[in-house]
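Dumped entry.cif below, it's mmCIF, C-alpha atoms:
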```
data_start
loop_
_atom_site.group_PDB
_atom_site.id
_atom_site.type_symbol
_atom_site.label_atom_id
_atom_site.label_comp_id
_atom_site.auth_asym_id
_atom_site.auth_seq_id
_atom_site.Cartn_x
_atom_site.Cartn_y
_atom_site.Cartn_z
ATOM 1 C CA MET A 30 0.000 0.000 0.000
ATOM 2 C CA PRO A 31 1.435 3.445 -0.894
ATOM 3 C CA THR A 32 2.356 5.741 1.933
ATOM 4 C CA SER A 33 1.998 9.475 2.182
ATOM 5 C CA PRO A 34 5.000 11.400 0.830
ATOM 6 C CA ILE A 35 4.476 13.870 3.656
ATOM 7 C CA ARG A 36 6.174 12.557 6.779
ATOM 8 C CA GLY A 37 5.404 14.164 10.097
ATOM 9 C CA ARG A 38 2.298 15.906 8.828
ATOM 10 C CA ALA A 39 -1.298 14.775 8.706
ATOM 11 C CA ARG A 40 -3.339 15.240 5.568
ATOM 12 C CA GLY A 41 -0.738 17.573 4.116
ATOM 13 C CA THR A 42 -1.318 20.345 6.658
ATOM 14 C CA GLY A 43 -0.844 20.684 10.397
ATOM 15 C CA TRP A 44 0.747 18.228 12.813
ATOM 16 C CA LEU A 45 -0.233 14.628 13.256
ATOM 17 C CA GLN A 46 -3.268 14.198 15.425
ATOM 18 C CA GLU A 47 -3.071 11.945 18.436
ATOM 19 C CA GLY A 48 -3.294 8.290 17.436
ATOM 20 C CA GLN A 49 -2.383 8.875 13.771
ATOM 21 C CA SER A 50 0.450 7.101 12.022
ATOM 22 C CA GLN A 51 3.144 9.090 10.225
ATOM 23 C CA GLU A 52 2.914 6.766 7.251
ATOM 24 C CA GLY A 53 -0.798 6.374 6.662
ATOM 25 C CA PRO A 54 -2.361 5.672 3.296
ATOM 26 C CA ILE A 55 -2.312 8.554 0.874
ATOM 27 C CA HIS A 56 -6.044 8.163 0.180
ATOM 28 C CA ASP A 57 -7.420 9.152 3.592
ATOM 29 C CA SER A 58 -10.660 11.061 4.205
ATOM 30 C CA ALA A 59 -8.944 14.467 3.919
ATOM 31 C CA MET A 60 -7.562 13.494 0.508
ATOM 32 C CA THR A 61 -11.034 12.397 -0.556
ATOM 33 C CA SER A 62 -12.557 15.697 0.565
ATOM 34 C CA SER A 63 -9.744 17.579 -1.210
ATOM 35 C CA LEU A 64 -10.510 15.714 -4.412
ATOM 36 C CA ASP A 65 -14.227 16.352 -3.929
ATOM 37 C CA GLN A 66 -13.457 20.080 -3.704
ATOM 38 C CA ALA A 67 -11.384 19.896 -6.883
ATOM 39 C CA LEU A 68 -14.305 18.243 -8.668
ATOM 40 C CA ARG A 69 -16.658 20.989 -7.486
ATOM 41 C CA ASP A 70 -14.345 23.500 -9.169
ATOM 42 C CA ASP A 71 -15.065 21.730 -12.500
ATOM 43 C CA ALA A 72 -11.408 22.102 -13.550
ATOM 44 C CA LEU A 73 -11.188 18.646 -15.102
ATOM 45 C CA ALA A 74 -14.535 18.869 -16.909
ATOM 46 C CA THR A 75 -13.610 22.280 -18.313
ATOM 47 C CA ALA A 76 -10.161 21.025 -19.373
ATOM 48 C CA LEU A 77 -11.828 18.179 -21.249
ATOM 49 C CA ASP A 78 -14.234 20.601 -22.962
ATOM 50 C CA TRP A 79 -11.343 22.853 -23.982
ATOM 51 C CA LYS A 80 -9.326 19.908 -25.287
ATOM 52 C CA GLN A 81 -12.285 18.590 -27.296
ATOM 53 C CA ALA A 82 -12.638 22.084 -28.792
ATOM 54 C CA GLY A 83 -9.061 21.776 -30.105
ATOM 55 C CA LYS A 84 -7.345 23.997 -27.536
ATOM 56 C CA SER A 85 -4.006 23.356 -25.839
ATOM 57 C CA VAL A 86 -4.615 22.661 -22.145
ATOM 58 C CA ALA A 87 -2.617 22.130 -18.968
ATOM 59 C CA ILE A 88 -3.672 20.977 -15.502
ATOM 60 C CA ALA A 89 -1.953 22.107 -12.295
ATOM 61 C CA THR A 90 -2.512 20.032 -9.150
ATOM 62 C CA VAL A 91 -1.493 20.692 -5.535
ATOM 63 C CA ILE A 92 0.460 17.537 -4.665
ATOM 64 C CA GLN A 93 1.931 18.481 -1.276
ATOM 65 C CA THR A 94 1.519 21.093 1.430
ATOM 66 C CA TRP A 95 3.434 21.901 4.609
ATOM 67 C CA GLY A 96 2.198 24.224 7.334
ATOM 68 C CA SER A 97 -0.335 26.813 6.251
ATOM 69 C CA ALA A 98 -1.543 26.493 2.642
ATOM 70 C CA PRO A 99 -4.405 28.311 0.889
ATOM 71 C CA ARG A 100 -5.679 25.211 -0.966
ATOM 72 C CA PRO A 101 -5.588 21.531 0.048
ATOM 73 C CA VAL A 102 -3.816 18.658 -1.682
ATOM 74 C CA GLY A 103 -5.816 17.635 -4.736
ATOM 75 C CA SER A 104 -6.914 21.158 -5.676
ATOM 76 C CA GLN A 105 -6.633 21.745 -9.407
ATOM 77 C CA LEU A 106 -6.386 24.561 -11.908
ATOM 78 C CA ALA A 107 -7.094 24.093 -15.630
ATOM 79 C CA ILE A 108 -5.469 26.550 -18.041
ATOM 80 C CA ASP A 109 -6.041 26.880 -21.789
ATOM 81 C CA GLU A 110 -3.737 28.368 -24.428
ATOM 82 C CA ALA A 111 -5.371 31.797 -24.109
ATOM 83 C CA GLY A 112 -4.715 31.916 -20.358
ATOM 84 C CA ASN A 113 -8.309 31.190 -19.377
ATOM 85 C CA MET A 114 -8.496 29.284 -16.130
ATOM 86 C CA VAL A 115 -10.910 27.347 -13.941
ATOM 87 C CA GLY A 116 -10.206 26.173 -10.397
ATOM 88 C CA SER A 117 -7.450 27.261 -8.051
ATOM 89 C CA VAL A 118 -4.179 25.999 -6.620
ATOM 90 C CA SER A 119 -3.331 28.979 -4.436
ATOM 91 C CA GLY A 120 -4.212 32.470 -5.557
ATOM 92 C CA GLY A 121 -2.207 35.655 -5.927
ATOM 93 C CA CYS A 122 1.289 35.645 -7.370
ATOM 94 C CA VAL A 123 1.621 31.856 -7.030
ATOM 95 C CA GLU A 124 -1.302 31.287 -9.361
ATOM 96 C CA GLY A 125 0.171 33.774 -11.850
ATOM 97 C CA ALA A 126 3.483 31.906 -11.849
ATOM 98 C CA VAL A 127 1.702 28.568 -12.309
ATOM 99 C CA ILE A 128 -0.266 29.933 -15.275
ATOM 100 C CA GLN A 129 2.907 31.271 -16.917
ATOM 101 C CA GLU A 130 4.632 27.909 -16.459
ATOM 102 C CA ALA A 131 1.579 26.077 -17.839
ATOM 103 C CA LEU A 132 1.546 28.301 -20.935
ATOM 104 C CA SER A 133 5.230 27.566 -21.473
ATOM 105 C CA LEU A 134 4.659 23.812 -21.099
ATOM 106 C CA MET A 135 1.874 23.947 -23.690
ATOM 107 C CA GLN A 136 4.529 25.101 -26.166
ATOM 108 C CA SER A 137 7.259 22.641 -25.153
ATOM 109 C CA GLY A 138 5.250 19.718 -23.768
ATOM 110 C CA GLY A 139 6.061 17.704 -20.684
ATOM 111 C CA THR A 140 5.527 18.216 -16.992
ATOM 112 C CA LYS A 141 6.974 20.318 -14.205
ATOM 113 C CA SER A 142 6.882 20.412 -10.414
ATOM 114 C CA LEU A 143 7.023 23.812 -8.702
ATOM 115 C CA GLU A 144 7.426 24.649 -5.024
ATOM 116 C CA PHE A 145 6.425 27.898 -3.329
ATOM 117 C CA GLY A 146 6.784 28.863 0.311
ATOM 118 C CA VAL A 147 6.800 31.486 3.020
ATOM 119 C CA SER A 148 8.889 31.070 6.161
ATOM 120 C CA ASP A 149 7.317 31.540 9.591
ATOM 121 C CA ASP A 150 9.361 34.749 10.020
ATOM 122 C CA GLN A 151 8.160 36.181 6.699
ATOM 123 C CA ALA A 152 4.573 35.266 7.547
ATOM 124 C CA TRP A 153 4.807 36.932 10.952
ATOM 125 C CA GLU A 154 6.111 40.165 9.364
ATOM 126 C CA VAL A 155 2.936 40.516 7.279
ATOM 127 C CA GLY A 156 0.535 39.521 10.050
ATOM 128 C CA LEU A 157 0.066 35.818 9.333
ATOM 129 C CA ALA A 158 0.266 33.261 12.122
ATOM 130 C CA CYS A 159 2.602 30.850 10.320
ATOM 131 C CA GLY A 160 4.306 30.115 7.045
ATOM 132 C CA GLY A 161 3.913 27.193 4.707
ATOM 133 C CA LYS A 162 4.879 25.592 1.440
ATOM 134 C CA ILE A 163 3.031 24.064 -1.464
ATOM 135 C CA ARG A 164 4.227 21.819 -4.279
ATOM 136 C CA ILE A 165 2.306 21.969 -7.552
ATOM 137 C CA PHE A 166 2.561 19.519 -10.443
ATOM 138 C CA ILE A 167 1.773 20.876 -13.922
ATOM 139 C CA GLU A 168 1.075 18.652 -16.914
ATOM 140 C CA THR A 169 -0.136 19.208 -20.430
ATOM 141 C CA VAL A 170 -3.277 17.366 -21.535
ATOM 142 C CA ASN A 171 -2.778 15.209 -24.615
#
```

Kindly transcribe the structure held in the file into structure tokens.
Amino acid sequence: MPTSPIRGRARGTGWLQEGQSQEGPIHDSAMTSSLDQALRDDALATALDWKQAGKSVAIATVIQTWGSAPRPVGSQLAIDEAGNMVGSVSGGCVEGAVIQEALSLMQSGGTKSLEFGVSDDQAWEVGLACGGKIRIFIETVN
């Protein structure tokens, strides 16, 4: 059975809860609810529609989080060749960087993994309680 790539964290965010194993299955209830949220965003359905209409398309997926993260693991963003998007992987400047990378991958093909983060000290300076990191996987749709 596969184990979670996130060691020492539960469900991709926060510390392990009492009684939880560090190496639990990757498909726990939090992952299921994260995927349910991604489906509600209609990113995959829209990507399929765009692809069937002959557009170049990429999908970005949150694959890991540490500490505080704006979107849970499984959240997705679909991007077409014109920069239209549906869904969300973070927001703000992170989402802009993901879209730019997706547009580049549509030209060159392939996949890419990106990581973004804010340290606890940086977060504190702007009034946030804690920092965090997210890892996003971007792939073109063939």

Evaluate the PyMOL selection byres ((chain A and resi 77) around 12) and record the selected residues as a list in words, following the chain and residue labels used in the document.
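Given this file, the PyMOL selection byres ((chain A and resi 77) around 12) evaluates to Asp71, Ala72, Leu73, Ala74, Thr75, Ala76, Asp78, Trp79, Lys80, Gln81, Ala82, Gly83, Lys84, Ser85, Val86, Ala87, Ile88, Ala107, Ile108, Asp109, Val115, Thr169, Val170 and Asn171 of chain A.
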
I'd like to know which of A:Ile163, A:Ala131, A:Glu154, A:Thr90 is closest to A:Gly116, using all atoms listed in the file.
A:Thr90

Specify as number ranges by chain each residue included when the PyMOL selection byres ((chain A and resi 143) around 12) is applied to this file.
A: 89-94, 118, 123-124, 126-131, 140-142, 144-146, 162-168

Between atom CA of A:Asn113 and atom CA of A:Ser133, distance in Å (one decimal):
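Atom-to-atom, atom CA of A:Asn113 and atom CA of A:Ser133 are spaced 14.2 Å apart.
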
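Atom CA of A:Val102 to atom CA of A:Gln136 spans 26.7 Å [interatomic distance, one decimal].
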
Expressed in Å, the length from atom CA of A:Leu134 to atom CA of A:Gly120 is 19.9 Å

Please report, as JSON, the centre and edge lengths in Å to one decimal of an axis-aligned box covering all listed atoms of stretch 101-105 of chain A with 5 Å per side.
```
{"center_x": -5.4, "center_y": 19.7, "center_z": -4.7, "size_x": 13.1, "size_y": 14.1, "size_z": 19.5}
```
